[in-house]
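Content type mmCIF, C-alpha atoms, from the file target.cif:
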data_start
#
loop_
_atom_site.label_atom_id
_atom_site.label_comp_id
_atom_site.auth_asym_id
_atom_site.auth_seq_id
_atom_site.Cartn_x
_atom_site.Cartn_y
_atom_site.Cartn_z
CA MET A 1 125.94 73.08 90.83
CA GLU A 2 126.94 75.40 93.67
CA CYS A 3 126.02 74.15 97.11
CA VAL A 4 125.43 76.44 100.07
CA PHE A 5 123.66 75.48 103.27
CA GLY A 6 123.57 76.40 106.96
CA LEU A 7 121.86 75.93 110.28
CA VAL A 8 121.48 77.50 113.72
CA GLY A 9 122.62 75.67 116.87
CA GLU A 10 122.91 76.43 120.56
CA GLY A 11 124.68 79.79 120.71
CA PHE A 12 126.13 79.55 117.20
CA ALA A 13 125.29 79.41 113.50
CA VAL A 14 127.22 77.40 110.92
CA VAL A 15 127.32 77.86 107.14
CA VAL A 16 128.87 75.58 104.53
CA ALA A 17 129.72 76.27 100.91
CA ASP A 18 131.35 74.30 98.13
CA THR A 19 134.65 75.68 96.89
CA SER A 20 134.56 75.08 93.15
CA ALA A 21 134.88 77.96 90.72
CA VAL A 22 133.37 76.61 87.51
CA HIS A 23 133.02 78.02 83.99
CA SER A 24 131.02 75.79 81.68
CA ILE A 25 132.89 72.47 81.75
CA LEU A 26 136.09 73.86 83.19
CA VAL A 27 136.89 73.97 86.90
CA HIS A 28 139.04 77.06 87.41
CA LYS A 29 139.90 76.22 90.98
CA SER A 30 138.61 74.02 93.76
CA ASN A 31 139.55 76.15 96.74
CA GLU A 32 137.45 79.26 96.13
CA ASP A 33 136.18 80.63 99.45
CA LYS A 34 132.55 81.66 98.98
CA ILE A 35 131.86 82.52 102.59
CA MET A 36 132.77 86.12 103.32
CA VAL A 37 133.35 87.47 106.81
CA LEU A 38 130.98 90.43 106.81
CA ASP A 39 132.14 91.80 110.15
CA SER A 40 133.42 90.42 113.43
CA HIS A 41 130.20 88.49 114.10
CA LYS A 42 128.61 87.92 110.68
CA LEU A 43 129.14 85.57 107.76
CA ILE A 44 127.76 85.73 104.22
CA ALA A 45 127.69 82.49 102.25
CA ALA A 46 126.88 83.38 98.66
CA SER A 47 126.25 81.44 95.47
CA GLY A 48 125.49 82.58 91.95
CA GLU A 49 127.14 84.45 89.06
CA PRO A 50 130.79 84.67 90.13
CA GLY A 51 131.16 88.33 89.19
CA ASP A 52 127.92 89.34 90.90
CA ARG A 53 128.71 87.21 93.94
CA VAL A 54 131.98 88.97 94.71
CA GLN A 55 130.77 92.42 93.65
CA PHE A 56 127.59 92.32 95.68
CA THR A 57 129.00 90.75 98.85
CA GLU A 58 131.94 93.17 98.86
CA TYR A 59 129.50 96.07 98.41
CA ILE A 60 127.49 94.87 101.40
CA GLN A 61 130.65 94.30 103.43
CA LYS A 62 131.94 97.83 102.79
CA ASN A 63 128.57 99.39 103.58
CA VAL A 64 128.38 97.45 106.84
CA ALA A 65 131.89 98.65 107.70
CA LEU A 66 130.96 102.27 106.79
CA TYR A 67 127.96 102.12 109.11
CA GLN A 68 130.18 101.02 111.95
CA PHE A 69 132.74 103.77 111.30
CA ARG A 70 130.07 106.43 111.04
CA ASN A 71 127.99 105.42 114.02
CA GLY A 72 130.36 103.66 116.40
CA ILE A 73 128.10 100.63 116.70
CA PRO A 74 127.80 97.53 114.49
CA LEU A 75 124.62 96.66 112.64
CA THR A 76 122.56 93.85 114.12
CA THR A 77 122.30 90.70 112.00
CA ALA A 78 118.65 91.50 111.29
CA ALA A 79 119.46 95.03 110.18
CA ALA A 80 122.28 93.82 107.92
CA ALA A 81 119.99 91.19 106.40
CA ASN A 82 117.25 93.71 105.73
CA PHE A 83 119.76 96.14 104.24
CA THR A 84 121.11 93.40 101.96
CA ARG A 85 117.61 92.43 100.88
CA GLY A 86 116.81 96.08 100.19
CA GLU A 87 119.81 96.44 97.89
CA LEU A 88 118.78 93.34 95.94
CA ALA A 89 115.22 94.61 95.74
CA THR A 90 116.26 98.04 94.45
CA ALA A 91 118.44 96.53 91.74
CA LEU A 92 115.94 93.84 90.85
CA ARG A 93 113.91 95.67 88.24
CA LYS A 94 116.82 97.54 86.75
CA ASN A 95 120.01 95.47 86.73
CA PRO A 96 119.53 92.51 89.05
CA TYR A 97 122.24 90.68 90.93
CA SER A 98 122.19 86.89 90.45
CA VAL A 99 123.31 86.05 93.97
CA ASN A 100 121.76 83.83 96.63
CA ILE A 101 122.83 84.48 100.19
CA LEU A 102 122.73 82.81 103.57
CA LEU A 103 123.59 85.44 106.17
CA ALA A 104 124.61 84.05 109.56
CA GLY A 105 125.31 86.21 112.58
CA TYR A 106 125.57 86.41 116.34
CA ASP A 107 124.15 89.30 118.36
CA LYS A 108 124.74 89.63 122.08
CA GLU A 109 121.12 90.44 122.82
CA THR A 110 119.42 87.93 120.53
CA GLY A 111 121.95 85.15 120.02
CA PRO A 112 122.64 83.37 116.72
CA SER A 113 120.46 83.84 113.63
CA LEU A 114 120.36 82.76 109.99
CA TYR A 115 118.75 84.63 107.11
CA TYR A 116 117.80 83.19 103.73
CA ILE A 117 118.04 85.85 100.99
CA ASP A 118 117.52 84.76 97.41
CA TYR A 119 118.36 86.56 94.18
CA ILE A 120 114.90 88.12 93.82
CA ALA A 121 115.13 89.65 97.30
CA THR A 122 113.16 87.14 99.30
CA LEU A 123 114.08 87.40 102.98
CA HIS A 124 113.33 84.76 105.57
CA LYS A 125 114.70 84.23 109.03
CA VAL A 126 115.30 80.50 109.25
CA ASP A 127 116.77 77.77 111.46
CA LYS A 128 118.17 75.94 108.44
CA GLY A 129 118.44 76.83 104.78
CA ALA A 130 120.11 75.83 101.54
CA PHE A 131 120.63 76.95 97.93
CA GLY A 132 121.46 75.18 94.69
CA TYR A 133 120.96 71.62 93.46
CA GLY A 134 122.64 70.45 96.64
CA SER A 135 119.70 71.88 98.58
CA TYR A 136 117.53 68.93 97.50
CA PHE A 137 119.83 66.69 99.47
CA SER A 138 121.05 68.93 102.29
CA LEU A 139 117.62 70.30 103.17
CA SER A 140 116.11 66.82 103.31
CA THR A 141 118.96 65.55 105.45
CA MET A 142 118.67 68.55 107.79
CA ASP A 143 114.90 68.11 107.99
CA ARG A 144 115.49 64.54 109.11
CA HIS A 145 118.18 65.15 111.73
CA TYR A 146 117.91 68.80 112.83
CA HIS A 147 116.59 69.77 116.23
CA SER A 148 116.82 73.12 117.95
CA ARG A 149 119.78 73.92 120.23
CA MET A 150 122.18 71.41 118.70
CA SER A 151 125.73 71.41 120.02
CA VAL A 152 128.67 72.20 117.73
CA GLU A 153 129.57 68.50 117.54
CA GLU A 154 126.03 67.51 116.62
CA ALA A 155 125.78 70.30 114.04
CA ILE A 156 129.09 69.45 112.35
CA ASP A 157 128.01 65.82 112.32
CA LEU A 158 124.86 66.88 110.48
CA VAL A 159 126.90 69.06 108.11
CA ASP A 160 129.09 66.06 107.28
CA LYS A 161 125.99 63.94 106.65
CA CYS A 162 124.81 66.59 104.17
CA ILE A 163 128.19 66.72 102.44
CA ILE A 164 128.25 62.93 102.10
CA GLU A 165 124.73 63.01 100.66
CA ILE A 166 125.67 65.70 98.13
CA ARG A 167 128.87 63.93 97.16
CA SER A 168 127.18 60.62 96.60
CA ARG A 169 123.93 61.72 94.98
CA LEU A 170 124.59 64.90 92.96
CA VAL A 171 125.77 64.06 89.43
CA VAL A 172 128.42 66.78 89.21
CA ALA A 173 129.10 67.12 92.89
CA PRO A 174 131.73 69.60 94.03
CA PRO A 175 134.67 67.83 95.65
CA ASN A 176 135.56 70.34 98.37
CA PHE A 177 133.65 72.32 100.99
CA VAL A 178 134.47 75.00 103.53
CA ILE A 179 132.71 75.23 106.89
CA LYS A 180 132.55 78.50 108.84
CA ILE A 181 131.00 79.18 112.22
CA VAL A 182 129.89 82.28 114.13
CA ASP A 183 129.26 82.49 117.88
CA LYS A 184 129.83 84.87 120.77
CA ASP A 185 133.57 84.79 120.09
CA GLY A 186 133.16 85.87 116.50
CA ALA A 187 133.06 84.58 112.96
CA ARG A 188 135.78 82.19 111.87
CA GLU A 189 136.68 79.31 109.59
CA TYR A 190 135.92 75.97 111.19
CA ALA A 191 137.18 73.36 108.75
CA TRP A 192 137.58 72.29 105.13
CA ARG A 193 136.30 69.00 103.74
CA GLU A 194 138.50 68.17 100.77
CA THR A 195 138.64 65.20 98.45
CA VAL A 196 140.72 66.96 95.80
CA LYS A 197 143.81 68.90 96.73
CA ASP A 198 145.94 70.95 94.33
CA ALA A 199 148.93 68.89 93.29
CA ASP A 200 152.25 70.03 94.70
CA VAL A 201 154.53 71.70 92.15
CA ALA A 202 157.12 69.20 91.06
CA SER A 203 160.64 70.46 91.69
CA ALA A 204 162.81 70.94 88.63
CA MET B 1 130.79 144.54 112.33
CA SER B 2 130.89 144.31 108.56
CA ARG B 3 127.54 144.71 106.89
CA ARG B 4 129.01 143.82 103.55
CA TYR B 5 129.10 140.13 104.49
CA ASP B 6 125.54 139.80 105.71
CA SER B 7 123.47 138.92 102.80
CA ARG B 8 125.15 135.84 101.40
CA THR B 9 124.88 132.78 103.61
CA THR B 10 127.75 131.08 101.89
CA ILE B 11 130.60 133.41 102.72
CA PHE B 12 132.61 134.10 105.85
CA SER B 13 133.10 137.56 107.22
CA PRO B 14 136.70 138.74 107.68
CA GLU B 15 136.38 137.89 111.37
CA GLY B 16 135.47 134.34 110.41
CA ARG B 17 131.76 134.56 111.21
CA LEU B 18 128.72 133.39 109.29
CA PHE B 19 126.34 136.27 109.81
CA GLN B 20 123.24 134.62 108.41
CA VAL B 21 123.62 131.76 110.87
CA GLU B 22 124.00 134.22 113.73
CA TYR B 23 120.98 136.22 112.59
CA ALA B 24 118.99 133.00 112.50
CA MET B 25 119.92 132.40 116.12
CA GLU B 26 118.78 135.96 116.91
CA ALA B 27 115.36 135.12 115.52
CA ILE B 28 115.18 132.13 117.82
CA GLY B 29 116.15 134.25 120.80
CA ASN B 30 112.87 136.08 120.42
CA ALA B 31 110.75 132.98 120.16
CA GLY B 32 108.94 130.99 122.85
CA ALA B 33 111.25 129.12 125.18
CA ALA B 34 111.59 125.36 125.44
CA ILE B 35 113.36 123.30 128.09
CA GLY B 36 114.41 119.67 128.03
CA ILE B 37 115.57 117.58 130.97
CA LEU B 38 116.98 114.06 130.92
CA SER B 39 116.13 111.78 133.85
CA LYS B 40 116.86 108.16 134.67
CA ASP B 41 113.46 106.98 133.52
CA GLY B 42 112.50 109.42 130.82
CA VAL B 43 112.96 112.75 129.07
CA VAL B 44 110.79 115.80 129.79
CA LEU B 45 110.12 118.61 127.29
CA VAL B 46 108.37 121.83 128.28
CA GLY B 47 107.48 124.64 125.92
CA GLU B 48 106.20 128.20 126.25
CA LYS B 49 103.35 128.94 123.92
CA LYS B 50 103.54 132.35 122.32
CA VAL B 51 100.27 132.18 120.42
CA THR B 52 97.59 132.36 123.08
CA SER B 53 94.09 133.32 122.16
CA LYS B 54 90.74 131.93 123.21
CA LEU B 55 89.83 131.81 119.55
CA LEU B 56 92.67 129.41 118.71
CA GLN B 57 91.51 125.86 117.85
CA THR B 58 94.15 123.74 119.50
CA SER B 59 92.51 120.36 119.85
CA GLY B 60 94.91 117.67 118.68
CA SER B 61 97.81 119.69 117.36
CA THR B 62 100.66 121.10 119.40
CA GLU B 63 102.57 124.31 118.84
CA LYS B 64 105.94 123.37 120.29
CA MET B 65 106.15 119.59 120.43
CA TYR B 66 106.35 117.16 117.54
CA LYS B 67 106.56 113.39 117.42
CA ILE B 68 109.19 112.37 114.90
CA ASP B 69 108.95 108.59 115.26
CA ASP B 70 107.60 106.18 117.85
CA HIS B 71 110.76 106.59 119.90
CA VAL B 72 111.76 110.23 119.19
CA ALA B 73 110.04 113.56 119.80
CA CYS B 74 111.22 117.16 119.67
CA ALA B 75 110.47 120.63 120.99
CA VAL B 76 111.08 123.60 118.68
CA ALA B 77 111.92 127.25 119.14
CA GLY B 78 111.95 129.74 116.32
CA ILE B 79 110.10 130.25 113.05
CA MET B 80 107.17 127.81 113.06
CA SER B 81 107.01 127.36 109.31
CA ASP B 82 110.72 126.48 109.17
CA ALA B 83 110.15 124.04 112.02
CA ASN B 84 107.41 122.28 110.04
CA ILE B 85 109.76 121.65 107.12
CA LEU B 86 112.51 120.27 109.32
CA THR B 87 110.27 118.03 111.43
CA ASN B 88 108.91 116.58 108.23
CA THR B 89 112.45 116.01 106.96
CA ALA B 90 113.32 114.29 110.25
CA ARG B 91 110.24 112.08 109.98
CA VAL B 92 111.16 111.03 106.45
CA GLN B 93 114.74 110.29 107.47
CA ALA B 94 113.54 108.14 110.37
CA GLN B 95 111.18 106.17 108.15
CA ARG B 96 113.79 105.76 105.43
CA TYR B 97 116.11 104.19 108.01
CA THR B 98 113.41 101.84 109.25
CA PHE B 99 112.59 100.91 105.66
CA ALA B 100 116.19 99.90 105.02
CA TYR B 101 117.03 98.24 108.32
CA GLN B 102 113.62 97.28 109.79
CA GLU B 103 114.73 98.79 113.09
CA PRO B 104 114.15 102.17 114.76
CA MET B 105 116.80 104.73 113.86
CA PRO B 106 119.24 105.39 116.71
CA VAL B 107 118.48 108.83 118.13
CA GLU B 108 121.90 110.34 117.62
CA GLN B 109 121.95 109.22 114.00
CA LEU B 110 118.60 110.94 113.40
CA VAL B 111 119.82 114.16 114.98
CA GLN B 112 123.06 113.99 113.02
CA SER B 113 121.19 113.39 109.78
CA LEU B 114 118.92 116.39 110.32
CA CYS B 115 121.88 118.54 111.32
CA ASP B 116 123.69 117.54 108.12
CA THR B 117 120.67 118.87 106.24
CA LYS B 118 120.81 122.14 108.20
CA GLN B 119 124.55 122.48 107.59
CA GLY B 120 123.94 122.36 103.87
CA TYR B 121 122.05 125.63 104.10
CA THR B 122 125.10 127.30 105.60
CA GLN B 123 127.51 126.26 102.91
CA PHE B 124 125.89 126.04 99.48
CA GLY B 125 122.74 126.76 97.53
CA GLY B 126 122.47 130.40 98.51
CA LEU B 127 119.38 129.75 100.65
CA ARG B 128 119.06 131.15 104.13
CA PRO B 129 119.49 128.86 107.14
CA PHE B 130 116.47 127.54 109.04
CA GLY B 131 115.47 129.78 111.94
CA VAL B 132 114.80 126.89 114.33
CA SER B 133 116.51 125.30 117.29
CA PHE B 134 115.51 121.84 118.40
CA LEU B 135 115.48 119.81 121.57
CA PHE B 136 115.32 116.14 120.60
CA ALA B 137 114.16 113.60 123.17
CA GLY B 138 114.44 109.93 122.37
CA TRP B 139 115.14 106.38 123.47
CA ASP B 140 117.05 103.61 121.72
CA LYS B 141 118.42 100.28 122.81
CA ASN B 142 122.05 101.39 122.50
CA LEU B 143 122.11 104.48 124.72
CA GLY B 144 118.73 104.50 126.47
CA PHE B 145 117.18 107.93 127.04
CA GLN B 146 118.89 110.84 125.34
CA LEU B 147 118.45 114.59 124.94
CA TYR B 148 120.02 116.55 122.08
CA MET B 149 120.03 120.24 121.26
CA SER B 150 120.66 121.52 117.73
CA ASP B 151 120.79 125.00 116.21
CA PRO B 152 120.70 126.65 112.75
CA SER B 153 124.41 126.11 112.21
CA GLY B 154 123.89 122.36 112.18
CA ASN B 155 125.85 121.83 115.38
CA TYR B 156 124.36 119.51 117.94
CA GLY B 157 125.24 118.20 121.37
CA GLY B 158 123.96 115.67 123.86
CA TRP B 159 122.69 117.29 127.05
CA LYS B 160 121.43 116.37 130.50
CA ALA B 161 119.35 119.56 130.56
CA ALA B 162 119.06 122.27 127.94
CA ALA B 163 117.05 125.39 127.10
CA ILE B 164 116.35 127.11 123.80
CA GLY B 165 114.40 130.21 122.78
CA ALA B 166 113.78 133.35 124.81
CA ASN B 167 115.86 133.77 127.98
CA ASN B 168 117.60 130.49 127.34
CA GLN B 169 120.81 131.63 128.97
CA ALA B 170 119.04 132.39 132.25
CA ALA B 171 117.18 129.10 132.04
CA GLN B 172 120.39 127.21 131.26
CA SER B 173 122.21 128.59 134.31
CA MET B 174 119.21 127.78 136.52
CA LEU B 175 119.21 124.24 135.19
CA LYS B 176 122.93 123.96 135.83
CA GLN B 177 122.38 124.87 139.49
CA ASP B 178 119.44 122.62 140.22
CA TYR B 179 119.97 119.58 137.98
CA LYS B 180 121.02 116.35 139.66
CA ASP B 181 122.25 113.27 137.82
CA ASP B 182 119.83 110.92 139.58
CA ILE B 183 116.75 113.08 139.00
CA THR B 184 113.51 111.16 138.45
CA ARG B 185 111.02 111.92 135.69
CA GLU B 186 108.68 113.56 138.17
CA GLY B 187 111.55 115.64 139.52
CA ALA B 188 112.44 116.62 135.98
CA VAL B 189 108.87 117.79 135.30
CA GLU B 190 108.95 119.87 138.47
CA LEU B 191 112.34 121.38 137.64
CA ALA B 192 111.35 122.16 134.06
CA LEU B 193 108.11 123.88 135.08
CA LYS B 194 109.83 125.84 137.83
CA VAL B 195 112.65 127.05 135.58
CA LEU B 196 110.27 127.95 132.79
CA SER B 197 107.99 129.86 135.14
CA LYS B 198 110.96 131.94 136.34
CA THR B 199 112.27 132.75 132.88
CA MET B 200 108.98 133.40 131.14
CA ASP B 201 108.00 137.00 130.73
CA SER B 202 104.34 136.57 131.65
CA THR B 203 103.19 137.42 135.15
CA SER B 204 101.25 134.26 135.84
CA LEU B 205 101.45 130.75 134.55
CA SER B 206 98.45 128.84 133.34
CA SER B 207 98.12 125.64 131.38
CA ASP B 208 97.12 127.41 128.17
CA LYS B 209 100.53 129.11 128.01
CA LEU B 210 102.48 125.87 128.29
CA GLU B 211 103.01 122.54 126.67
CA LEU B 212 104.45 119.55 128.51
CA ALA B 213 105.52 116.28 126.90
CA GLU B 214 107.21 113.25 128.40
CA LEU B 215 109.05 110.37 126.74
CA PHE B 216 109.31 107.24 128.86
CA LEU B 217 109.05 103.46 128.78
CA SER B 218 105.69 101.85 129.46
CA PRO B 219 105.63 98.80 131.77
CA SER B 220 105.62 96.54 128.72
CA GLY B 221 108.86 98.12 127.48
CA THR B 222 107.57 100.18 124.56
CA VAL B 223 108.47 103.86 124.26
CA LYS B 224 105.63 106.22 125.13
CA TYR B 225 105.36 109.85 124.08
CA GLN B 226 102.74 111.65 126.11
CA VAL B 227 101.60 115.26 125.80
CA SER B 228 99.89 116.45 128.96
CA SER B 229 96.31 117.60 128.65
CA PRO B 230 95.48 121.13 129.84
CA GLU B 231 93.67 119.65 132.86
CA SER B 232 96.58 117.51 134.01
CA LEU B 233 98.97 120.39 133.34
CA THR B 234 96.89 122.69 135.57
CA LYS B 235 97.01 120.04 138.33
CA LEU B 236 100.79 119.86 138.02
CA LEU B 237 101.17 123.62 138.18
CA VAL B 238 99.14 123.68 141.38
CA LYS B 239 101.06 120.71 142.80
CA PHE B 240 104.45 122.31 142.26
CA GLY B 241 103.22 125.74 143.26
CA VAL B 242 104.15 127.51 140.05
CA ASN B 243 100.80 128.89 139.02
CA GLN B 244 100.96 131.95 141.23
CA PRO B 245 102.16 135.27 139.87
CA THR B 246 105.94 135.11 139.96
CA THR B 247 107.33 136.96 142.99
CA GLU B 248 110.87 138.12 143.56
CA ASP B 249 112.65 135.23 145.19
CA SER B 250 116.27 134.59 145.99
#
Could you spell out this file's structure in structure tokens?
Amino acid sequence: MECVFGLVGEGFAVVVADTSAVHSILVHKSNEDKIMVLDSHKLIAASGEPGDRVQFTEYIQKNVALYQFRNGIPLTTAAAANFTRGELATALRKNPYSVNILLAGYDKETGPSLYYIDYIATLHKVDKGAFGYGSYFSLSTMDRHYHSRMSVEEAIDLVDKCIIEIRSRLVVAPPNFVIKIVDKDGAREYAWRETVKDADVASA
Amino acid sequence: MSRRYDSRTTIFSPEGRLFQVEYAMEAIGNAGAAIGILSKDGVVLVGEKKVTSKLLQTSGSTEKMYKIDDHVACAVAGIMSDANILTNTARVQAQRYTFAYQEPMPVEQLVQSLCDTKQGYTQFGGLRPFGVSFLFAGWDKNLGFQLYMSDPSGNYGGWKAAAIGANNQAAQSMLKQDYKDDITREGAVELALKVLSKTMDSTSLSSDKLELAELFLSPSGTVKYQVSSPESLTKLLVKFGVNQPTTEDS
């Protein structure tokens, strides 16, 4: 029931992920951050097997960092996306990773971009994308309201519409979401949308 | 000089030298010269052909210049068969990068990768080093036009103008005198041909003793690697006045 979605706006890209860590019927925690900062200007929103998700995204993150140390220049978003897809493809017919990824980035020369990479190494450059059961609702909502070159306000408004749709229509909808944005100033957390907060520890 | 430390590539001499690497560079010092010059709008590579015979079938292939990828080419000096192996290795490395990243490999990374391969032959395996020096000419979106020189030790450096092969020291000092930072591609061609004509042993220059290649951007922005035909090379030699028998000049 993991929900990940994202879209590209005017000079920025935004990605949203739910924050539930679930095992069968148990919710381990509801503030699990599934959007990793890949480097200064890239975000990876990942969903899938929890172990694979962390293992694979950390592997990509460290390889991206190694490239930058070795060569003095960062990878472009396109290059990082293709590298990520290549790693999934190589592992696919041996020991596959069950991870779906939305890779968002900002490059000075080409602006913002969003890449859809699924667990069987499909790669698409997209304006909007989504994974999971939530995608039925978020993709339809984005199809209805998205237009190119949206402002940050318009985009967050659309994100909130998607979250409302998921919350109201998905049977086991995750209660909390995290929103992260990447633009010319870098990748950063934008906001959380929480309906369930951890209870404060009662004092003795 | 200790002869006891010659034969194994993987050991230092007491003076801290790697003799096999130095002997490899000796081999290159006897080979046909090559000169590379970096200009604002392109890189020029000129090579001296050692194998000249009317019987030689040269249509299509070049002796000194090789295209490594769409945006990188190189000139070689040294043992031709060793050069073939290394240019093939460089080509594979460039394609492997593009396969992973779907982008052309930055020129310095390609040079570094090939040099790492060459370094391996100076440290382990017991195989002799490659007897080839390279001049790499390339363009990428990070650093624009670049020229790199590498030798059998696996060292490399970025250069504005460089010479390898026979008489390379004389050529290098001539380049140092006449090179200007704002040189155009045409000026670089002229300088390269003039320097090569002065350092080559042969008494007269003709287009069948030379190879000229240029790397530049076409009007549409794509990288072009162009090897001059014998006819256009002859015209250039006449234009720059370097086809006469070399006379003693100051």
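A straight line drawn from atom CA of A:Thr122 to atom CA of A:Asn82 is 10.1 Å long.
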Residue by residue, what does the PyMOL selection byres ((chain A) within 7 of (chain B)) grab here? Present the result as a ChimeraX atom specification. /A:79-80,82-83,86
Please identify all polymer residues within 12 Å of B:Gly187, counting all atoms listed in the file, omitting same-chain residues fewer than 3 positions from it, and present them as a PyMOL selection string. chain B and resi 37-44+178-184+190-194+236+240
Please produce a file of those selected residues containing C-alpha atoms, as a compact mmCIF listing (two decimals), keeping the file's coordinate frame.
# COMPACT_ATOMS: atom_id res chain seq x y z
CA ILE B 37 115.57 117.58 130.97
CA LEU B 38 116.98 114.06 130.92
CA SER B 39 116.13 111.78 133.85
CA LYS B 40 116.86 108.16 134.67
CA ASP B 41 113.46 106.98 133.52
CA GLY B 42 112.50 109.42 130.82
CA VAL B 43 112.96 112.75 129.07
CA VAL B 44 110.79 115.80 129.79
CA ASP B 178 119.44 122.62 140.22
CA TYR B 179 119.97 119.58 137.98
CA LYS B 180 121.02 116.35 139.66
CA ASP B 181 122.25 113.27 137.82
CA ASP B 182 119.83 110.92 139.58
CA ILE B 183 116.75 113.08 139.00
CA THR B 184 113.51 111.16 138.45
CA GLU B 190 108.95 119.87 138.47
CA LEU B 191 112.34 121.38 137.64
CA ALA B 192 111.35 122.16 134.06
CA LEU B 193 108.11 123.88 135.08
CA LYS B 194 109.83 125.84 137.83
CA LEU B 236 100.79 119.86 138.02
CA PHE B 240 104.45 122.31 142.26
Counting all atoms listed in the file, which residues come within 12 Å of (123.0, 87.2, 92.8), with the point read in the file's coordinates, and could you list them as a ChimeraX atom specification? /A:45-57,84-85,87-89,91-92,95-102,117-122,131
Would you translate the PyMOL selection byres ((chain B and resi 24) around 8) into the concrete set of residues it matches in this file, as an NGL selection string? :B and (20-23 or 25-28 or 129-132 or 152)
Dump C-alpha atoms for the selected residues as an mmCIF file, in the coordinates of the input?
data_model
loop_
_atom_site.group_PDB
_atom_site.id
_atom_site.type_symbol
_atom_site.label_atom_id
_atom_site.label_comp_id
_atom_site.auth_asym_id
_atom_site.auth_seq_id
_atom_site.Cartn_x
_atom_site.Cartn_y
_atom_site.Cartn_z
ATOM 1 C CA GLN B 20 123.240 134.620 108.410
ATOM 2 C CA VAL B 21 123.620 131.760 110.870
ATOM 3 C CA GLU B 22 124.000 134.220 113.730
ATOM 4 C CA TYR B 23 120.980 136.220 112.590
ATOM 5 C CA MET B 25 119.920 132.400 116.120
ATOM 6 C CA GLU B 26 118.780 135.960 116.910
ATOM 7 C CA ALA B 27 115.360 135.120 115.520
ATOM 8 C CA ILE B 28 115.180 132.130 117.820
ATOM 9 C CA PRO B 129 119.490 128.860 107.140
ATOM 10 C CA PHE B 130 116.470 127.540 109.040
ATOM 11 C CA GLY B 131 115.470 129.780 111.940
ATOM 12 C CA VAL B 132 114.800 126.890 114.330
ATOM 13 C CA PRO B 152 120.700 126.650 112.750
#
Would you mind completing stretch 131-141 of chain A so that it carries N, CA, C and O atoms, and writing it out as a short mmCIF file (atom, residue, chain, number, x, y, z; two decimals), keeping the file's coordinate frame?
data_model
loop_
_atom_site.label_atom_id
_atom_site.label_comp_id
_atom_site.auth_asym_id
_atom_site.auth_seq_id
_atom_site.Cartn_x
_atom_site.Cartn_y
_atom_site.Cartn_z
N PHE A 131 120.81 76.50 99.31
CA PHE A 131 120.63 76.95 97.93
C PHE A 131 121.26 75.96 96.98
O PHE A 131 122.17 75.22 97.34
N GLY A 132 120.81 75.97 95.73
CA GLY A 132 121.46 75.18 94.69
C GLY A 132 120.88 73.77 94.58
O GLY A 132 119.98 73.39 95.34
N TYR A 133 121.42 73.00 93.61
CA TYR A 133 120.96 71.62 93.46
C TYR A 133 121.23 70.82 94.72
O TYR A 133 120.48 69.92 95.06
N GLY A 134 122.30 71.15 95.40
CA GLY A 134 122.64 70.45 96.64
C GLY A 134 121.57 70.59 97.69
O GLY A 134 121.47 69.76 98.60
N SER A 135 120.73 71.66 97.56
CA SER A 135 119.70 71.88 98.58
C SER A 135 118.70 70.73 98.63
O SER A 135 118.15 70.43 99.69
N TYR A 136 118.47 70.08 97.48
CA TYR A 136 117.53 68.93 97.50
C TYR A 136 117.99 67.89 98.50
O TYR A 136 117.18 67.24 99.16
N PHE A 137 119.30 67.73 98.59
CA PHE A 137 119.83 66.69 99.47
C PHE A 137 120.09 67.23 100.87
O PHE A 137 119.76 66.58 101.87
N SER A 138 120.70 68.42 100.96
CA SER A 138 121.05 68.93 102.29
C SER A 138 119.81 69.30 103.09
O SER A 138 119.72 69.01 104.29
N LEU A 139 118.82 69.91 102.45
CA LEU A 139 117.62 70.30 103.17
C LEU A 139 116.88 69.07 103.70
O LEU A 139 116.40 69.06 104.85
N SER A 140 116.80 68.04 102.86
CA SER A 140 116.11 66.82 103.31
C SER A 140 116.85 66.18 104.47
O SER A 140 116.23 65.72 105.44
N THR A 141 118.16 66.14 104.36
CA THR A 141 118.96 65.55 105.45
C THR A 141 118.81 66.37 106.72
O THR A 141 118.66 65.82 107.82
#
